[in-house]
file query_30.cif (mmCIF, C-alpha atoms and all ligand atoms)
data_run
loop_
_atom_site.label_atom_id
_atom_site.label_comp_id
_atom_site.auth_asym_id
_atom_site.auth_seq_id
_atom_site.Cartn_x
_atom_site.Cartn_y
_atom_site.Cartn_z
CA MET Y 1 25.43 -15.45 1.73
CA PHE Y 2 23.91 -13.87 4.84
CA THR Y 3 20.12 -13.80 5.23
CA LEU Y 4 18.39 -11.71 7.86
CA TRP Y 5 14.88 -12.75 8.90
CA LEU Y 6 12.80 -10.26 10.85
CA ASN Y 7 9.79 -12.04 12.34
CA ALA Y 8 7.21 -9.39 13.18
CA SER Y 9 4.57 -11.70 14.63
CA PRO Y 10 3.78 -12.08 18.33
CA HIS Y 11 3.78 -15.83 17.64
CA ALA Y 12 7.18 -17.45 17.43
CA GLN Y 13 5.72 -20.37 15.44
CA GLY Y 14 2.64 -18.67 14.02
CA ASP Y 15 1.20 -18.56 10.52
CA SER Y 16 3.74 -16.15 9.04
CA ALA Y 17 6.73 -17.70 10.83
CA THR Y 18 5.73 -21.18 9.60
CA LEU Y 19 5.93 -19.96 5.99
CA ALA Y 20 9.08 -17.90 6.54
CA GLU Y 21 10.83 -20.98 7.92
CA LEU Y 22 9.97 -22.90 4.74
CA ALA Y 23 11.44 -20.09 2.65
CA LEU Y 24 14.56 -19.93 4.81
CA GLN Y 25 15.22 -23.64 4.35
CA GLU Y 26 15.82 -22.99 0.64
CA ILE Y 27 18.55 -20.41 1.26
CA PRO Y 28 22.13 -21.53 1.86
CA GLY Y 29 24.63 -19.72 4.06
CA GLU Y 30 24.42 -17.81 7.31
CA LYS Y 31 20.95 -16.97 8.64
CA LEU Y 32 19.87 -14.81 11.52
CA ARG Y 33 16.36 -14.69 12.93
CA LEU Y 34 15.34 -11.66 14.97
CA ASP Y 35 11.92 -11.56 16.61
CA LEU Y 36 10.35 -8.11 16.91
CA TYR Y 37 8.00 -9.17 19.76
CA PRO Y 38 8.11 -8.12 22.52
CA PRO Y 39 8.76 -4.76 20.81
CA LYS Y 40 12.39 -3.70 21.01
CA VAL Y 41 12.51 -0.79 18.57
CA GLU Y 42 11.07 2.65 19.31
CA PRO Y 43 9.36 4.57 16.51
CA CYS Y 44 11.24 7.54 15.01
CA ARG Y 45 10.72 10.74 17.02
CA ASP Y 46 11.52 13.06 14.11
CA CYS Y 47 14.31 14.79 16.04
CA GLY Y 48 16.04 15.63 12.75
CA ASP Y 49 19.50 14.48 13.86
CA CYS Y 50 19.88 12.05 10.94
CA ARG Y 51 18.95 14.76 8.45
CA ALA Y 52 21.73 16.85 9.99
CA GLY Y 53 24.19 14.02 9.28
CA GLU Y 54 24.28 12.64 12.83
CA ALA Y 55 23.68 9.11 14.06
CA CYS Y 56 20.24 8.18 15.38
CA GLN Y 57 20.31 8.75 19.15
CA LEU Y 58 17.78 5.99 19.77
CA ASP Y 59 20.13 3.41 18.23
CA ALA Y 60 22.20 3.55 21.42
CA THR Y 61 19.21 2.81 23.66
CA ASP Y 62 17.18 0.19 21.80
CA ALA Y 63 17.76 -2.78 19.47
CA MET Y 64 17.85 -0.73 16.26
CA GLY Y 65 21.61 -0.12 16.39
CA HIS Y 66 22.21 -3.86 16.15
CA ILE Y 67 19.40 -4.45 13.63
CA ARG Y 68 20.57 -1.58 11.42
CA GLU Y 69 24.09 -3.03 11.33
CA ARG Y 70 22.80 -6.47 10.38
CA LEU Y 71 20.46 -4.94 7.76
CA HIS Y 72 23.40 -3.23 6.11
CA GLN Y 73 25.40 -6.48 6.12
CA ALA Y 74 22.59 -8.70 4.81
CA ASP Y 75 22.61 -10.16 1.30
CA ASN Y 76 18.97 -11.15 1.70
CA LEU Y 77 16.14 -9.94 3.87
CA LEU Y 78 12.96 -11.80 4.75
CA LEU Y 79 10.15 -9.98 6.54
CA SER Y 80 7.33 -12.00 8.05
CA SER Y 81 4.28 -10.36 9.53
CA PRO Y 82 0.63 -10.97 10.22
CA LEU Y 83 -1.77 -8.43 8.77
CA HIS Y 84 -2.67 -6.24 11.73
CA PHE Y 85 -5.33 -3.62 11.12
CA PHE Y 86 -4.78 -3.78 7.33
CA SER Y 87 -1.03 -3.21 7.59
CA LEU Y 88 2.15 -4.84 8.79
CA SER Y 89 2.33 -5.34 12.55
CA ALA Y 90 3.08 -2.29 14.69
CA PRO Y 91 6.67 -3.25 15.69
CA LEU Y 92 7.58 -3.65 12.02
CA VAL Y 93 6.06 -0.29 11.09
CA ALA Y 94 7.94 1.28 14.04
CA LEU Y 95 11.16 -0.28 12.74
CA ALA Y 96 10.40 1.01 9.23
CA SER Y 97 10.11 4.54 10.61
CA ARG Y 98 13.66 4.19 11.94
CA LEU Y 99 14.89 3.89 8.35
CA GLU Y 100 14.71 7.68 8.22
CA PRO Y 101 18.56 7.96 7.99
CA GLU Y 102 18.58 5.52 5.05
CA TRP Y 103 15.62 7.35 3.49
CA PHE Y 104 17.48 10.66 3.75
CA VAL Y 105 20.47 9.20 1.84
CA TRP Y 106 18.23 7.36 -0.65
CA ARG Y 107 16.28 10.55 -1.40
CA GLN Y 108 19.48 12.25 -2.54
CA THR Y 109 21.02 9.39 -4.50
CA ARG Y 110 17.98 7.35 -5.72
CA LYS Y 111 20.50 4.57 -6.13
CA PRO Y 112 18.83 1.36 -7.34
CA ALA Y 113 19.47 -1.72 -5.23
CA PRO Y 114 21.80 -4.40 -6.63
CA ASP Y 115 19.84 -7.26 -8.20
CA LYS Y 116 21.61 -9.81 -6.02
CA ARG Y 117 20.53 -8.16 -2.76
CA ARG Y 118 17.01 -9.49 -2.47
CA ALA Y 119 14.13 -9.11 -0.06
CA ALA Y 120 10.66 -10.60 0.25
CA LEU Y 121 7.58 -10.28 2.42
CA VAL Y 122 5.62 -13.13 3.95
CA VAL Y 123 2.26 -11.89 5.22
CA THR Y 124 -0.75 -13.80 6.52
CA ALA Y 125 -4.27 -12.65 7.33
CA GLY Y 126 -7.24 -14.18 9.10
CA GLY Y 127 -9.86 -12.75 6.74
CA ASP Y 128 -10.24 -12.80 2.99
CA TYR Y 129 -11.48 -9.72 1.16
CA PRO Y 130 -10.47 -7.57 -1.86
CA ASP Y 131 -7.35 -5.39 -1.71
CA MET Y 132 -6.62 -6.48 1.84
CA PHE Y 133 -2.82 -6.56 1.39
CA GLN Y 134 -2.48 -3.16 -0.29
CA ALA Y 135 -1.19 -1.21 2.72
CA ALA Y 136 1.18 -4.00 3.80
CA ARG Y 137 2.58 -4.22 0.26
CA LEU Y 138 3.23 -0.50 0.09
CA VAL Y 139 5.04 -0.39 3.43
CA ALA Y 140 7.14 -3.44 2.59
CA SER Y 141 8.09 -2.12 -0.87
CA ALA Y 142 9.24 1.18 0.58
CA PHE Y 143 11.15 -0.65 3.32
CA PHE Y 144 13.02 -2.77 0.78
CA ARG Y 145 13.80 0.11 -1.58
CA ILE Y 146 15.07 2.39 1.16
CA ALA Y 147 17.08 -0.37 2.84
CA GLY Y 148 18.73 -1.13 -0.52
CA PHE Y 149 17.12 -4.43 -1.49
CA THR Y 150 15.56 -5.58 -4.77
CA GLN Y 151 12.10 -6.91 -4.07
CA ALA Y 152 11.33 -10.51 -4.92
CA GLU Y 153 7.82 -11.91 -5.02
CA GLY Y 154 6.83 -13.07 -1.56
CA VAL Y 155 3.82 -14.86 -0.11
CA GLU Y 156 0.44 -13.40 0.83
CA VAL Y 157 -1.94 -15.84 2.45
CA ALA Y 158 -5.50 -14.86 3.31
CA GLY Y 159 -8.06 -16.85 5.25
CA THR Y 160 -5.82 -18.29 7.96
CA ASP Y 161 -8.81 -18.26 10.35
CA ARG Y 162 -10.34 -21.02 8.23
CA ARG Y 163 -7.17 -22.75 7.07
CA PRO Y 164 -3.78 -22.13 8.71
CA PRO Y 165 -0.70 -22.38 6.45
CA ARG Y 166 0.35 -25.70 7.95
CA GLU Y 167 -2.80 -27.16 6.34
CA ASN Y 168 -2.40 -25.23 3.08
CA PRO Y 169 -0.06 -26.98 0.59
CA GLU Y 170 -0.36 -24.17 -1.98
CA ALA Y 171 0.77 -21.55 0.56
CA ARG Y 172 3.66 -23.77 1.61
CA LYS Y 173 4.70 -24.22 -2.03
CA ARG Y 174 4.72 -20.46 -2.54
CA ALA Y 175 6.87 -20.06 0.55
CA VAL Y 176 9.42 -22.53 -0.83
CA GLU Y 177 9.44 -20.65 -4.16
CA THR Y 178 10.03 -17.38 -2.31
CA GLY Y 179 13.09 -18.89 -0.64
CA ARG Y 180 14.41 -20.01 -4.03
CA ARG Y 181 13.96 -16.51 -5.45
CA LEU Y 182 15.93 -15.05 -2.54
CA ALA Y 183 18.64 -17.65 -2.98
CA GLY Y 184 18.93 -16.77 -6.67
CA VAL Y 185 17.92 -20.28 -7.78
CA THR Y 186 14.87 -18.79 -9.54
CA PRO Y 187 15.72 -15.60 -11.46
CA LEU Y 188 13.61 -12.49 -10.88
CA PRO Y 189 11.58 -11.11 -13.80
CA PRO Y 190 13.05 -7.99 -15.44
CA PRO Y 191 11.97 -4.72 -13.73
CA ASP Y 192 8.87 -2.96 -15.16
C1 LIG M 1 -4.37 -7.12 16.43
C2 LIG M 1 -4.76 -7.94 15.25
C3 LIG M 1 -5.17 -7.33 14.09
C4 LIG M 1 -5.53 -8.09 12.98
N1 LIG M 1 -5.93 -7.45 11.84
C5 LIG M 1 -6.33 -8.18 10.78
C6 LIG M 1 -6.78 -7.52 9.59
O1 LIG M 1 -6.80 -6.30 9.48
N2 LIG M 1 -7.20 -8.31 8.57
C7 LIG M 1 -7.22 -9.69 8.64
O2 LIG M 1 -7.64 -10.34 7.70
N3 LIG M 1 -6.73 -10.33 9.75
C8 LIG M 1 -6.31 -9.62 10.82
N4 LIG M 1 -5.82 -10.26 11.94
C9 LIG M 1 -5.63 -11.74 11.92
C10 LIG M 1 -4.17 -12.13 11.63
O3 LIG M 1 -3.66 -11.42 10.53
C11 LIG M 1 -4.05 -13.63 11.32
O4 LIG M 1 -4.54 -14.40 12.39
C12 LIG M 1 -2.62 -14.06 10.97
O5 LIG M 1 -2.62 -15.23 10.19
C13 LIG M 1 -1.76 -14.29 12.21
O6 LIG M 1 -0.44 -14.56 11.79
P1 LIG M 1 0.73 -14.93 12.83
O7 LIG M 1 0.38 -16.26 13.44
O8 LIG M 1 1.97 -14.99 12.03
O9 LIG M 1 0.77 -13.83 13.86
C14 LIG M 1 -5.47 -9.51 13.05
C15 LIG M 1 -5.04 -10.13 14.24
C16 LIG M 1 -4.70 -9.36 15.32
C17 LIG M 1 -4.25 -10.04 16.60
#

call {"tool": "encode", "arguments": {"input": "query_30.cif", "output": "structure tokens", "more": "lines below"}}
Ligand SMILES: Cc1cc2nc3c(=O)[nH]c(=O)nc-3n(C[C@H](O)[C@H](O)[C@H](O)COP(=O)(O)O)c2cc1C
result
Amino acid sequence: MFTLWLNASPHAQGDSATLAELALQEIPGEKLRLDLYPPKVEPCRDCGDCRAGEACQLDATDAMGHIRERLHQADNLLLSSPLHFFSLSAPLVALASRLEPEWFVWRQTRKPAPDKRRAALVVTAGGDYPDMFQAARLVASAFFRIAGFTQAEGVEVAGTDRRPPRENPEARKRAVETGRRLAGVTPLPPPD
């Protein structure tokens, strides 16, 4: 089992990375952590090459060639991000835009992801207010679907300004449970 962890926080050991590490500890097999800060992936420039069946030109000049290869190989994917301006952090959204080649294929096939190929989002936020994770959820769900993963329940933790995850046993427990869902120890509920 190979698990790819994309840490999209500027903090190597920040709130979201702390929880992602707890989830990762529950997953056996090979693991690879890639930090998206400082930003290494350019946003899509809508050149149209991928829609014409050609490889993304930017893959040869930034980190996306390597990340794309590892994404395709991964059995599990864990995304960790702080909430930045109501969404996932900018480097992660830039990376998501580079899934345009995968989106173009997905749009034609609509192939559902295999149940065993699982992905989850760990997201933390300083504030605490209604619907605050909506945009982040939408982006992450699209990312997982287009990259060919079945989404497992992740962890959303609000109020880190008042109580960081390292002082929040409930958040830590949910992170552990997320890892178990990715590992297949806890089965996923049937799709809606
Ligand atoms: C640029 C920036 C934008 C942020 N935007 C939000 C936001 O929209 N809502 C919120 O509740 N917290 C926001 N925060 C706070 C972070 O989400 C919060 O501190 C988070 O727990 C940091 O996680 P990390 O340590 O993994 O980076 C923002 C922080 C920064 C630096």

call {"tool": "closest_atom_pairs", "arguments": {"input": "query_30.cif", "of": "chain Y", "to": "ligand LIG 1 (chain M)", "cutoff": "6 Å", "atoms": "all atoms listed in the file", "output": "JSON lines"}}
result
{"residue": "Y:Ser9", "atom": "CA", "partner": "M:LIG1", "partner_atom": "O9", "distance": 4.4}
{"residue": "Y:Pro10", "atom": "CA", "partner": "M:LIG1", "partner_atom": "O9", "distance": 5.7}
{"residue": "Y:His11", "atom": "CA", "partner": "M:LIG1", "partner_atom": "O9", "distance": 5.2}
{"residue": "Y:Gly14", "atom": "CA", "partner": "M:LIG1", "partner_atom": "O7", "distance": 3.4}
{"residue": "Y:Asp15", "atom": "CA", "partner": "M:LIG1", "partner_atom": "O7", "distance": 3.8}
{"residue": "Y:Ser16", "atom": "CA", "partner": "M:LIG1", "partner_atom": "O8", "distance": 3.7}
{"residue": "Y:Ala17", "atom": "CA", "partner": "M:LIG1", "partner_atom": "O8", "distance": 5.6}
{"residue": "Y:Ser81", "atom": "CA", "partner": "M:LIG1", "partner_atom": "O8", "distance": 5.7}
{"residue": "Y:Pro82", "atom": "CA", "partner": "M:LIG1", "partner_atom": "O6", "distance": 4.1}
{"residue": "Y:Leu83", "atom": "CA", "partner": "M:LIG1", "partner_atom": "O3", "distance": 4.0}
{"residue": "Y:His84", "atom": "CA", "partner": "M:LIG1", "partner_atom": "N1", "distance": 3.5}
{"residue": "Y:Phe85", "atom": "CA", "partner": "M:LIG1", "partner_atom": "O1", "distance": 3.5}
{"residue": "Y:Phe86", "atom": "CA", "partner": "M:LIG1", "partner_atom": "O1", "distance": 3.9}
{"residue": "Y:Thr124", "atom": "CA", "partner": "M:LIG1", "partner_atom": "O5", "distance": 4.4}
{"residue": "Y:Ala125", "atom": "CA", "partner": "M:LIG1", "partner_atom": "O3", "distance": 3.5}
{"residue": "Y:Gly126", "atom": "CA", "partner": "M:LIG1", "partner_atom": "C11", "distance": 3.9}
{"residue": "Y:Gly127", "atom": "CA", "partner": "M:LIG1", "partner_atom": "O2", "distance": 3.4}
{"residue": "Y:Asp128", "atom": "CA", "partner": "M:LIG1", "partner_atom": "O2", "distance": 5.9}
{"residue": "Y:Thr160", "atom": "CA", "partner": "M:LIG1", "partner_atom": "O5", "distance": 5.0}

call {"tool": "closest_atom_pairs", "arguments": {"input": "query_30.cif", "of": "range 75-167 of chain Y", "to": "range 31-37 of chain Y", "cutoff": "10 Å", "atoms": "only C-alpha atoms", "output": "CSV"}}
result
residue,atom,partner,partner_atom,distance
Y:Asn76,CA,Y:Lys31,CA,9.3
Y:Leu77,CA,Y:Lys31,CA,9.8
Y:Leu78,CA,Y:Arg33,CA,9.3
Y:Ser80,CA,Y:Asp35,CA,9.7
Y:Ser81,CA,Y:Leu36,CA,9.8
Y:Ser89,CA,Y:Leu36,CA,9.5
Y:Ala90,CA,Y:Leu36,CA,9.6
Y:Pro91,CA,Y:Leu36,CA,6.2
Y:Leu92,CA,Y:Leu36,CA,7.2
Y:Leu95,CA,Y:Leu36,CA,8.9

call {"tool": "residues_around", "arguments": {"input": "query_30.cif", "residues": "Ala55 in chain Y", "least_positions_apart": "4", "cutoff": "12 Å", "atoms": "all atoms listed in the file", "output": "list in words"}}
result
Cys47, Gly48, Asp49, Cys50, Arg51, Asp59, Ala60, Met64, Gly65, Arg68, Arg98, Leu99, Glu100, Pro101 and Glu102 of chain Y

call {"tool": "atom_distance", "arguments": {"input": "query_30.cif", "atom1": "CA of Ser87 in chain Y", "atom2": "CA of Ala135 in chain Y"}}
result
5.3 Å

call {"tool": "closest_residue", "arguments": {"input": "query_30.cif", "among": "Y:Leu121, Y:Val41, Y:Cys56, Y:Ala113", "to": "Ala140 in chain Y", "atoms": "all atoms listed in the file"}}
result
Y:Leu121

call {"tool": "closest_residue", "arguments": {"input": "query_30.cif", "among": "Y:Pro130, Y:Gly154, Y:Pro39, Y:Pro112", "to": "Arg180 in chain Y", "atoms": "all atoms listed in the file"}}
result
Y:Gly154

call {"tool": "atom_distance", "arguments": {"input": "query_30.cif", "atom1": "CA of Arg163 in chain Y", "atom2": "CA of Trp5 in chain Y"}}
result
24.3 Å

call {"tool": "atom_distance", "arguments": {"input": "query_30.cif", "atom1": "CA of Ala119 in chain Y", "atom2": "CA of Leu79 in chain Y"}}
result
7.8 Å

call {"tool": "residues_around", "arguments": {"input": "query_30.cif", "residues": "Thr178 in chain Y", "least_positions_apart": "5", "cutoff": "10 Å", "atoms": "all atoms listed in the file", "output": "PyMOL selection string"}}
result
chain Y and resi 19-20+22-24+26-27+78+119-122+152-155+172-173+183-184+186

call {"tool": "closest_residue", "arguments": {"input": "query_30.cif", "among": "Y:Asp46, Y:Pro189, Y:Lys40, Y:Gly159", "to": "Thr61 in chain Y", "atoms": "only C-alpha atoms"}}
result
Y:Lys40

call {"tool": "closest_residue", "arguments": {"input": "query_30.cif", "among": "Y:Lys111, Y:Asp131, Y:Thr3, Y:Ala171", "to": "Pro28 in chain Y", "atoms": "only C-alpha atoms"}}
result
Y:Thr3
